[in-house]
file input35.csv (CSV, C-alpha atoms)
chain,number,residue,atom,x,y,z
V,1,MET,CA,0.0,0.0,0.0
V,2,ALA,CA,1.3,3.4,-0.8
V,3,GLU,CA,2.1,5.6,2.1
V,4,GLN,CA,0.3,8.9,2.4
V,5,GLN,CA,0.7,11.9,4.7
V,6,SER,CA,-0.9,11.4,8.1
V,7,GLY,CA,-3.8,13.5,9.4
V,8,GLU,CA,-7.5,13.2,10.0
V,9,GLY,CA,-8.0,11.0,7.0
V,10,ARG,CA,-6.2,9.8,4.0
V,11,VAL,CA,-6.6,8.3,0.5
V,12,THR,CA,-4.3,5.3,-0.2
V,13,HIS,CA,-3.7,3.1,-3.2
V,14,GLU,CA,-2.8,-0.5,-3.7
V,15,SER,CA,-1.4,-2.3,-6.8
V,16,HIS,CA,-3.2,-5.5,-7.8
V,17,GLY,CA,-1.6,-6.5,-11.1
V,18,HIS,CA,-3.2,-4.3,-13.8
V,19,VAL,CA,-5.8,-2.9,-11.3
V,20,LEU,CA,-5.1,0.1,-9.1
V,21,LYS,CA,-7.3,0.0,-5.9
V,22,ILE,CA,-7.9,3.4,-4.4
V,23,VAL,CA,-9.2,3.5,-0.8
V,24,ILE,CA,-10.8,6.4,1.0
V,25,ASP,CA,-10.0,6.2,4.7
V,26,ASN,CA,-11.5,8.6,7.2
V,27,VAL,CA,-13.6,6.1,9.1
V,28,ALA,CA,-14.0,8.2,12.2
V,29,LYS,CA,-15.9,10.9,10.2
V,30,ARG,CA,-17.8,8.5,7.9
V,31,ASN,CA,-15.1,9.1,5.3
V,32,SER,CA,-15.9,12.8,4.9
V,33,PHE,CA,-13.3,14.5,2.7
V,34,SER,CA,-10.8,17.2,3.8
V,35,PRO,CA,-9.0,19.3,1.2
V,36,GLU,CA,-5.9,17.2,1.8
V,37,MET,CA,-7.8,14.0,1.1
V,38,MET,CA,-9.2,15.5,-2.1
V,39,GLU,CA,-5.7,16.3,-3.3
V,40,GLN,CA,-4.6,12.7,-2.5
V,41,LEU,CA,-7.5,11.3,-4.4
V,42,SER,CA,-6.5,13.4,-7.5
V,43,ASP,CA,-3.0,12.1,-7.1
V,44,ALA,CA,-4.2,8.5,-7.1
V,45,PHE,CA,-6.3,8.9,-10.2
V,46,THR,CA,-3.4,10.6,-11.9
V,47,LEU,CA,-1.2,7.6,-11.1
V,48,LEU,CA,-3.9,5.4,-12.7
V,49,GLU,CA,-4.1,7.6,-15.7
V,50,ASN,CA,-0.3,7.9,-16.3
V,51,SER,CA,1.0,4.5,-15.4
V,52,SER,CA,1.1,1.9,-18.2
V,53,ASP,CA,1.0,-0.8,-15.4
V,54,TYR,CA,-2.6,0.0,-14.6
V,55,ARG,CA,-5.5,-0.7,-17.0
V,56,VAL,CA,-8.5,-0.3,-14.6
V,57,GLY,CA,-9.1,1.5,-11.3
V,58,VAL,CA,-11.3,0.5,-8.4
V,59,LEU,CA,-12.5,3.3,-6.0
V,60,SER,CA,-13.5,2.0,-2.6
V,61,ALA,CA,-13.8,3.1,1.0
V,62,ALA,CA,-12.8,1.7,4.4
V,63,GLY,CA,-15.4,1.0,7.1
V,64,ASP,CA,-19.2,0.9,6.9
V,65,HIS,CA,-19.7,4.0,4.7
V,66,PHE,CA,-18.5,5.2,1.4
V,67,THR,CA,-18.6,8.9,2.2
V,68,ALA,CA,-20.8,11.4,4.0
V,69,GLY,CA,-19.5,14.1,1.6
V,70,LEU,CA,-17.3,17.0,2.2
V,71,ASP,CA,-16.2,18.1,5.7
V,72,MET,CA,-18.1,21.3,4.9
V,73,PRO,CA,-16.6,23.8,7.3
V,74,LYS,CA,-13.1,23.0,5.8
V,75,PHE,CA,-14.3,23.9,2.3
V,76,PHE,CA,-16.9,26.6,2.9
V,77,GLY,CA,-16.6,27.8,6.5
V,78,PRO,CA,-14.8,31.0,7.7
V,79,ASN,CA,-11.5,29.1,8.2
V,80,ALA,CA,-11.8,27.1,5.0
V,81,ARG,CA,-8.6,25.9,3.5
V,82,PRO,CA,-9.4,24.4,0.1
V,83,ARG,CA,-6.5,23.4,-2.2
V,84,GLN,CA,-6.1,23.9,-5.9
V,85,ARG,CA,-5.7,20.7,-7.9
V,86,LYS,CA,-2.2,20.3,-9.4
V,87,GLU,CA,-1.8,21.3,-13.0
V,88,ASP,CA,-2.4,18.3,-15.3
V,89,ASN,CA,-3.8,16.1,-12.5
V,90,VAL,CA,-6.9,14.1,-13.1
V,91,ASP,CA,-10.1,15.6,-11.7
V,92,PRO,CA,-11.9,12.8,-9.7
V,93,PHE,CA,-15.2,14.4,-10.6
V,94,GLY,CA,-14.4,14.5,-14.3
V,95,LEU,CA,-15.1,18.2,-14.6
V,96,GLY,CA,-11.5,19.0,-15.7
V,97,LYS,CA,-9.1,16.4,-16.9
V,98,ARG,CA,-10.9,13.0,-17.0
V,99,CYS,CA,-9.4,9.6,-16.4
V,100,ARG,CA,-9.4,7.8,-19.8
V,101,LYS,CA,-9.2,4.4,-18.1
V,102,PRO,CA,-12.2,2.5,-16.7
V,103,VAL,CA,-13.1,3.1,-13.1
V,104,VAL,CA,-15.3,0.7,-11.1
V,105,THR,CA,-16.6,2.1,-7.8
V,106,ALA,CA,-17.6,0.0,-4.8
V,107,VAL,CA,-20.0,1.8,-2.4
V,108,GLN,CA,-21.6,0.9,1.0
V,109,GLY,CA,-23.5,2.6,3.8
V,110,VAL,CA,-23.8,6.4,3.5
V,111,VAL,CA,-23.2,7.6,-0.1
V,112,TYR,CA,-24.0,11.3,0.1
V,113,THR,CA,-23.4,14.4,-2.1
V,114,ILE,CA,-19.9,14.1,-3.6
V,115,GLY,CA,-20.1,10.4,-3.1
V,116,ILE,CA,-22.8,10.2,-5.8
V,117,GLU,CA,-20.9,12.6,-8.0
V,118,MET,CA,-17.7,10.7,-7.6
V,119,MET,CA,-19.2,7.4,-8.5
V,120,LEU,CA,-21.0,8.9,-11.5
V,121,ALA,CA,-17.7,10.3,-12.8
V,122,GLY,CA,-16.6,6.7,-13.0
V,123,ASP,CA,-18.1,4.0,-15.2
V,124,ILE,CA,-19.5,1.0,-13.2
V,125,VAL,CA,-20.9,1.0,-9.7
V,126,ILE,CA,-21.1,-2.0,-7.4
V,127,ALA,CA,-23.2,-1.3,-4.3
V,128,ALA,CA,-23.6,-3.1,-1.0
V,129,ASP,CA,-27.2,-3.7,0.0
V,130,THR,CA,-26.6,-1.3,2.9
V,131,ALA,CA,-25.9,1.6,0.6
V,132,ARG,CA,-28.0,4.8,1.2
V,133,PHE,CA,-27.8,7.6,-1.4
V,134,CYS,CA,-28.7,11.3,-1.0
V,135,GLN,CA,-27.9,14.4,-3.1
V,136,MET,CA,-28.7,16.7,-0.2
V,137,GLU,CA,-26.8,19.9,-1.0
V,138,ALA,CA,-29.9,22.0,-1.2
V,139,LYS,CA,-30.7,21.0,2.4
V,140,ARG,CA,-27.4,22.7,3.2
V,141,GLY,CA,-28.3,25.9,1.4
V,142,ILE,CA,-26.1,25.2,-1.6
V,143,ALA,CA,-26.5,23.0,-4.7
V,144,PRO,CA,-24.5,20.1,-6.4
V,145,LEU,CA,-21.2,21.5,-7.6
V,146,ALA,CA,-19.4,18.4,-8.9
V,147,GLY,CA,-21.5,17.1,-11.7
V,148,GLY,CA,-24.5,15.8,-10.0
V,149,HIS,CA,-26.8,18.2,-11.7
V,150,PHE,CA,-26.2,16.7,-15.1
V,151,ARG,CA,-24.7,13.2,-14.6
V,152,PHE,CA,-27.7,12.2,-12.4
V,153,LEU,CA,-29.8,13.1,-15.4
V,154,THR,CA,-27.7,11.2,-17.8
V,155,ARG,CA,-27.9,8.0,-15.8
V,156,ALA,CA,-31.5,8.1,-14.5
V,157,GLY,CA,-33.5,10.3,-16.9
V,158,TRP,CA,-35.3,13.6,-16.2
V,159,GLY,CA,-38.1,12.4,-14.0
V,160,ASP,CA,-36.1,10.2,-11.7
V,161,ALA,CA,-33.2,12.7,-11.6
V,162,MET,CA,-35.5,15.6,-10.6
V,163,TYR,CA,-37.3,13.4,-8.1
V,164,HIS,CA,-34.2,12.8,-6.1
V,165,LEU,CA,-32.3,16.1,-6.8
V,166,LEU,CA,-35.3,18.3,-5.8
V,167,LEU,CA,-36.5,16.2,-2.9
V,168,CYS,CA,-33.0,15.7,-1.5
V,169,ASP,CA,-34.3,12.4,-0.2
V,170,GLU,CA,-32.4,9.3,0.9
V,171,PHE,CA,-33.0,6.1,-1.2
V,172,ASN,CA,-31.6,2.6,-1.1
V,173,ALA,CA,-29.4,0.5,-3.3
V,174,GLU,CA,-32.3,-1.3,-4.9
V,175,ARG,CA,-33.8,2.0,-6.0
V,176,ALA,CA,-30.3,3.2,-7.2
V,177,CYS,CA,-30.0,0.1,-9.3
V,178,LEU,CA,-33.5,0.4,-10.7
V,179,ILE,CA,-32.8,3.9,-12.1
V,180,GLY,CA,-29.3,3.1,-13.4
V,181,LEU,CA,-27.1,4.8,-10.9
V,182,VAL,CA,-25.8,1.3,-9.8
V,183,GLN,CA,-25.1,-1.7,-11.9
V,184,GLU,CA,-25.0,-4.5,-9.3
V,185,VAL,CA,-26.2,-4.9,-5.7
V,186,VAL,CA,-24.4,-7.4,-3.5
V,187,PRO,CA,-24.5,-8.4,0.2
V,188,ALA,CA,-22.7,-5.9,2.4
V,189,GLY,CA,-19.0,-6.8,2.7
V,190,GLN,CA,-18.8,-8.2,-0.8
V,191,GLN,CA,-18.9,-5.0,-2.8
V,192,VAL,CA,-15.1,-4.4,-3.0
V,193,GLU,CA,-14.4,-8.0,-3.8
V,194,ARG,CA,-17.0,-7.9,-6.6
V,195,ALA,CA,-15.7,-4.6,-7.9
V,196,MET,CA,-12.2,-6.1,-8.0
V,197,GLU,CA,-13.5,-9.1,-9.9
V,198,VAL,CA,-15.2,-6.8,-12.5
V,199,ALA,CA,-12.1,-4.7,-12.8
V,200,ALA,CA,-9.9,-7.9,-13.4
V,201,LEU,CA,-12.3,-9.0,-16.1
V,202,ILE,CA,-12.0,-5.7,-17.8
V,203,ALA,CA,-8.2,-5.7,-17.5
V,204,LYS,CA,-8.0,-8.9,-19.5
V,205,ASN,CA,-9.4,-7.1,-22.5
V,206,ALA,CA,-7.2,-5.1,-24.9
V,207,PRO,CA,-6.3,-1.9,-23.0
V,208,LEU,CA,-6.4,0.4,-26.0
V,209,GLY,CA,-9.7,-1.0,-27.2
V,210,ILE,CA,-11.2,-0.5,-23.7
V,211,GLN,CA,-9.9,3.1,-23.5
V,212,VAL,CA,-11.1,4.1,-26.9
V,213,THR,CA,-14.5,2.6,-26.2
V,214,LYS,CA,-14.8,4.8,-23.2
V,215,GLU,CA,-13.5,7.8,-25.1
V,216,GLY,CA,-16.0,7.2,-27.9
V,217,ALA,CA,-18.9,6.9,-25.5
V,218,LEU,CA,-17.9,10.1,-23.8
V,219,LYS,CA,-17.8,11.9,-27.2
V,220,TYR,CA,-21.5,11.2,-27.5
V,221,ILE,CA,-22.4,13.1,-24.4
V,222,GLU,CA,-19.4,15.6,-24.0
V,223,ALA,CA,-21.3,18.5,-25.6
V,224,ALA,CA,-24.1,18.3,-23.1
V,225,GLU,CA,-21.6,17.7,-20.2
V,226,ARG,CA,-19.6,20.7,-21.3
V,227,ALA,CA,-22.7,22.8,-21.0
V,228,GLY,CA,-23.3,21.4,-17.5
V,229,ILE,CA,-19.7,22.0,-16.5
V,230,ASP,CA,-19.7,25.6,-17.8
V,231,PHE,CA,-22.8,26.3,-15.7
V,232,ILE,CA,-21.1,25.5,-12.4
V,233,PRO,CA,-19.6,29.0,-11.9
V,234,THR,CA,-23.2,30.3,-12.2
V,235,ILE,CA,-24.4,27.8,-9.6
V,236,ARG,CA,-21.5,28.9,-7.3
V,237,ALA,CA,-22.3,32.6,-7.8
V,238,ARG,CA,-26.0,32.0,-7.1
V,239,VAL,CA,-25.7,30.0,-3.9
V,240,LEU,CA,-22.3,30.2,-2.1
V,241,GLY,CA,-22.5,33.8,-0.9
V,242,THR,CA,-26.1,33.7,0.2
V,243,GLU,CA,-27.6,33.8,3.7
V,244,ASP,CA,-29.1,30.4,3.0
V,245,ALA,CA,-25.6,29.0,2.5
V,246,LYS,CA,-24.4,30.5,5.7
V,247,GLU,CA,-27.4,29.1,7.5
V,248,GLY,CA,-26.7,25.7,6.0
V,249,ILE,CA,-23.2,25.6,7.4
V,250,ARG,CA,-24.4,26.9,10.8
V,251,SER,CA,-27.1,24.2,11.0
V,252,PHE,CA,-24.7,21.5,10.0
V,253,VAL,CA,-22.2,22.6,12.7
V,254,GLU,CA,-25.0,23.0,15.3
V,255,ARG,CA,-26.7,19.7,14.3
V,256,ARG,CA,-30.1,21.2,13.8
V,257,PRO,CA,-32.6,21.6,10.9
V,258,ALA,CA,-31.8,24.6,8.7
V,259,VAL,CA,-34.3,27.5,8.3
V,260,PHE,CA,-33.9,29.0,4.8
V,261,GLN,CA,-35.2,32.4,3.7
V,262,GLY,CA,-34.5,32.3,0.0
V,263,ARG,CA,-31.8,34.9,0.1

call {"tool": "encode", "arguments": {"input": "input35.csv", "output": "structure tokens"}}
result
Amino acid sequence: MAEQQSGEGRVTHESHGHVLKIVIDNVAKRNSFSPEMMEQLSDAFTLLENSSDYRVGVLSAAGDHFTAGLDMPKFFGPNARPRQRKEDNVDPFGLGKRCRKPVVTAVQGVVYTIGIEMMLAGDIVIAADTARFCQMEAKRGIAPLAGGHFRFLTRAGWGDAMYHLLLCDEFNAERACLIGLVQEVVPAGQQVERAMEVAALIAKNAPLGIQVTKEGALKYIEAAERAGIDFIPTIRARVLGTEDAKEGIRSFVERRPAVFQGR
């Protein structure tokens, strides 16, 4: 396993032949992401992208949960310390430089906000039957900022996408599979093993053939995705400086329901 800097959480990676396994590890905080962890995740995806040894990536998480999302005060609070992604690094959300190699994501337990956006930036999702999904940003006074507003639509269709994006409700793995966000549901504890099996099967195929297949599929939807990506600065401008966004952060820190005013 690759050694990473110590801290509240970390992202590590392991080599399994032609498969690079990436592990989110901040169990004490339900694998919530700090800016440092986000940087480590980008580094791991960049290793997958640049190394000829690896043909497929598997994104997984330690513990009972995939991720509760961002550690919000560290990104949006008064003492926030976000980091800029390194130039030419892969963007784990596929909004900037996208990984050209296949990515299989294994999820379990809580899969909130950026967890959904991260898995939708990949290609195949294996979910434990314990998985619980929620795109809840609007409950925090903001909105999806990492691709959920258009990739949810691409996978699920307008009605199902709007149902969950606007309700900000929690739904289970069976529902996620029904609407196309997830490809397989397995008993809890088997999701990483199954994702590794799927990745190994993909890795047996011709690497260039697999990569160009993914690239060709992306060409089909890249114009629509570009429009969605280009709209993100507008979303940020509309929500991040508002009183509702401040209330969302306060309510999260104070562990109480938010009271929004629409301003």

call {"tool": "closest_residue", "arguments": {"input": "input35.csv", "among": "V:Gln40, V:Ala121, V:Arg132, V:Pro187", "to": "Lys86 in chain V", "atoms": "all atoms listed in the file"}}
result
V:Gln40

call {"tool": "closest_residue", "arguments": {"input": "input35.csv", "among": "V:Gly180, V:Gly159, V:Pro144, V:Pro257", "to": "Thr234 in chain V", "atoms": "all atoms listed in the file"}}
result
V:Pro144

call {"tool": "atom_distance", "arguments": {"input": "input35.csv", "atom1": "CA of Ile249 in chain V", "atom2": "CA of Gly69 in chain V"}}
result
13.4 Å

call {"tool": "closest_atom_pairs", "arguments": {"input": "input35.csv", "of": "range 58-108 of chain V", "to": "range 24-31 of chain V", "cutoff": "7 Å", "atoms": "only C-alpha atoms", "output": "tab-separated table"}}
result
residue	atom	partner	partner_atom	distance
V:Ser60	CA	V:Ile24	CA	6.3
V:Ala61	CA	V:Ile24	CA	4.5
V:Ala62	CA	V:Asp25	CA	5.3
V:Gly63	CA	V:Val27	CA	5.8
V:His65	CA	V:Arg30	CA	5.8
V:Phe66	CA	V:Asn31	CA	6.5
V:Thr67	CA	V:Asn31	CA	4.7
V:Ala68	CA	V:Arg30	CA	5.7

call {"tool": "write_last_selection", "arguments": {"input": "input35.csv", "atoms": "C-alpha atoms", "output": "short mmCIF file (atom, residue, chain, number, x, y, z; two decimals), keeping the file's coordinate frame"}}
result
data_model
loop_
_atom_site.label_atom_id
_atom_site.label_comp_id
_atom_site.auth_asym_id
_atom_site.auth_seq_id
_atom_site.Cartn_x
_atom_site.Cartn_y
_atom_site.Cartn_z
CA SER V 60 -13.50 2.00 -2.60
CA ALA V 61 -13.80 3.10 1.00
CA ALA V 62 -12.80 1.70 4.40
CA GLY V 63 -15.40 1.00 7.10
CA HIS V 65 -19.70 4.00 4.70
CA PHE V 66 -18.50 5.20 1.40
CA THR V 67 -18.60 8.90 2.20
CA ALA V 68 -20.80 11.40 4.00
#

call {"tool": "residues_around", "arguments": {"input": "input35.csv", "residues": "Arg194 in chain V", "least_positions_apart": "5", "cutoff": "9 Å", "atoms": "all atoms listed in the file", "output": "MDAnalysis selection string"}}
result
chainID V and resid 106 126 186 199

call {"tool": "closest_residue", "arguments": {"input": "input35.csv", "among": "V:Gln108, V:Ser32, V:Thr242, V:Gln190", "to": "Arg10 in chain V", "atoms": "all atoms listed in the file"}}
result
V:Ser32

call {"tool": "closest_atom_pairs", "arguments": {"input": "input35.csv", "of": "range 6-77 of chain V", "to": "range 206-218 of chain V", "cutoff": "12 Å", "atoms": "all atoms listed in the file", "output": "JSON lines"}}
result
{"residue": "V:His18", "atom": "CA", "partner": "V:Pro207", "partner_atom": "CA", "distance": 10.0}
{"residue": "V:Val19", "atom": "CA", "partner": "V:Pro207", "partner_atom": "CA", "distance": 11.8}
{"residue": "V:Glu49", "atom": "CA", "partner": "V:Gln211", "partner_atom": "CA", "distance": 10.7}
{"residue": "V:Ser52", "atom": "CA", "partner": "V:Pro207", "partner_atom": "CA", "distance": 9.6}
{"residue": "V:Asp53", "atom": "CA", "partner": "V:Pro207", "partner_atom": "CA", "distance": 10.6}
{"residue": "V:Tyr54", "atom": "CA", "partner": "V:Pro207", "partner_atom": "CA", "distance": 9.4}
{"residue": "V:Arg55", "atom": "CA", "partner": "V:Pro207", "partner_atom": "CA", "distance": 6.2}
{"residue": "V:Val56", "atom": "CA", "partner": "V:Pro207", "partner_atom": "CA", "distance": 8.8}

call {"tool": "atom_distance", "arguments": {"input": "input35.csv", "atom1": "CA of Arg256 in chain V", "atom2": "CA of Ala80 in chain V"}}
result
21.1 Å

call {"tool": "decode", "arguments": {"input": "input35.csv", "residues": "range 162-211 of chain V", "atoms": "C-alpha atoms", "output": "PDB file, in the first residue's frame"}}
result
ATOM      1  CA  MET V 162     -35.456  15.584 -10.630  1.00  0.00           C
ATOM      2  CA  TYR V 163     -37.337  13.439  -8.110  1.00  0.00           C
ATOM      3  CA  HIS V 164     -34.184  12.847  -6.079  1.00  0.00           C
ATOM      4  CA  LEU V 165     -32.330  16.093  -6.825  1.00  0.00           C
ATOM      5  CA  LEU V 166     -35.271  18.264  -5.780  1.00  0.00           C
ATOM      6  CA  LEU V 167     -36.548  16.190  -2.858  1.00  0.00           C
ATOM      7  CA  CYS V 168     -33.002  15.733  -1.529  1.00  0.00           C
ATOM      8  CA  ASP V 169     -34.306  12.426  -0.169  1.00  0.00           C
ATOM      9  CA  GLU V 170     -32.448   9.311   0.864  1.00  0.00           C
ATOM     10  CA  PHE V 171     -32.956   6.149  -1.216  1.00  0.00           C
ATOM     11  CA  ASN V 172     -31.565   2.632  -1.072  1.00  0.00           C
ATOM     12  CA  ALA V 173     -29.364   0.474  -3.288  1.00  0.00           C
ATOM     13  CA  GLU V 174     -32.317  -1.307  -4.880  1.00  0.00           C
ATOM     14  CA  ARG V 175     -33.757   2.026  -6.019  1.00  0.00           C
ATOM     15  CA  ALA V 176     -30.346   3.208  -7.233  1.00  0.00           C
ATOM     16  CA  CYS V 177     -29.992   0.055  -9.327  1.00  0.00           C
ATOM     17  CA  LEU V 178     -33.515   0.402 -10.719  1.00  0.00           C
ATOM     18  CA  ILE V 179     -32.833   3.900 -12.060  1.00  0.00           C
ATOM     19  CA  GLY V 180     -29.336   3.115 -13.398  1.00  0.00           C
ATOM     20  CA  LEU V 181     -27.055   4.773 -10.856  1.00  0.00           C
ATOM     21  CA  VAL V 182     -25.808   1.337  -9.767  1.00  0.00           C
ATOM     22  CA  GLN V 183     -25.106  -1.726 -11.929  1.00  0.00           C
ATOM     23  CA  GLU V 184     -24.977  -4.505  -9.301  1.00  0.00           C
ATOM     24  CA  VAL V 185     -26.159  -4.855  -5.687  1.00  0.00           C
ATOM     25  CA  VAL V 186     -24.366  -7.415  -3.504  1.00  0.00           C
ATOM     26  CA  PRO V 187     -24.500  -8.378   0.175  1.00  0.00           C
ATOM     27  CA  ALA V 188     -22.677  -5.939   2.444  1.00  0.00           C
ATOM     28  CA  GLY V 189     -19.009  -6.779   2.722  1.00  0.00           C
ATOM     29  CA  GLN V 190     -18.809  -8.215  -0.796  1.00  0.00           C
ATOM     30  CA  GLN V 191     -18.887  -4.956  -2.767  1.00  0.00           C
ATOM     31  CA  VAL V 192     -15.113  -4.386  -2.954  1.00  0.00           C
ATOM     32  CA  GLU V 193     -14.372  -8.011  -3.815  1.00  0.00           C
ATOM     33  CA  ARG V 194     -16.971  -7.918  -6.593  1.00  0.00           C
ATOM     34  CA  ALA V 195     -15.660  -4.589  -7.900  1.00  0.00           C
ATOM     35  CA  MET V 196     -12.151  -6.058  -8.020  1.00  0.00           C
ATOM     36  CA  GLU V 197     -13.497  -9.090  -9.914  1.00  0.00           C
ATOM     37  CA  VAL V 198     -15.223  -6.849 -12.471  1.00  0.00           C
ATOM     38  CA  ALA V 199     -12.071  -4.743 -12.830  1.00  0.00           C
ATOM     39  CA  ALA V 200      -9.920  -7.851 -13.350  1.00  0.00           C
ATOM     40  CA  LEU V 201     -12.251  -9.049 -16.100  1.00  0.00           C
ATOM     41  CA  ILE V 202     -12.048  -5.654 -17.816  1.00  0.00           C
ATOM     42  CA  ALA V 203      -8.242  -5.667 -17.475  1.00  0.00           C
ATOM     43  CA  LYS V 204      -8.042  -8.900 -19.481  1.00  0.00           C
ATOM     44  CA  ASN V 205      -9.364  -7.086 -22.537  1.00  0.00           C
ATOM     45  CA  ALA V 206      -7.231  -5.055 -24.930  1.00  0.00           C
ATOM     46  CA  PRO V 207      -6.282  -1.865 -23.022  1.00  0.00           C
ATOM     47  CA  LEU V 208      -6.411   0.446 -26.016  1.00  0.00           C
ATOM     48  CA  GLY V 209      -9.694  -1.042 -27.178  1.00  0.00           C
ATOM     49  CA  ILE V 210     -11.223  -0.472 -23.748  1.00  0.00           C
ATOM     50  CA  GLN V 211      -9.886   3.079 -23.501  1.00  0.00           C
TER      51      GLN V 211
END
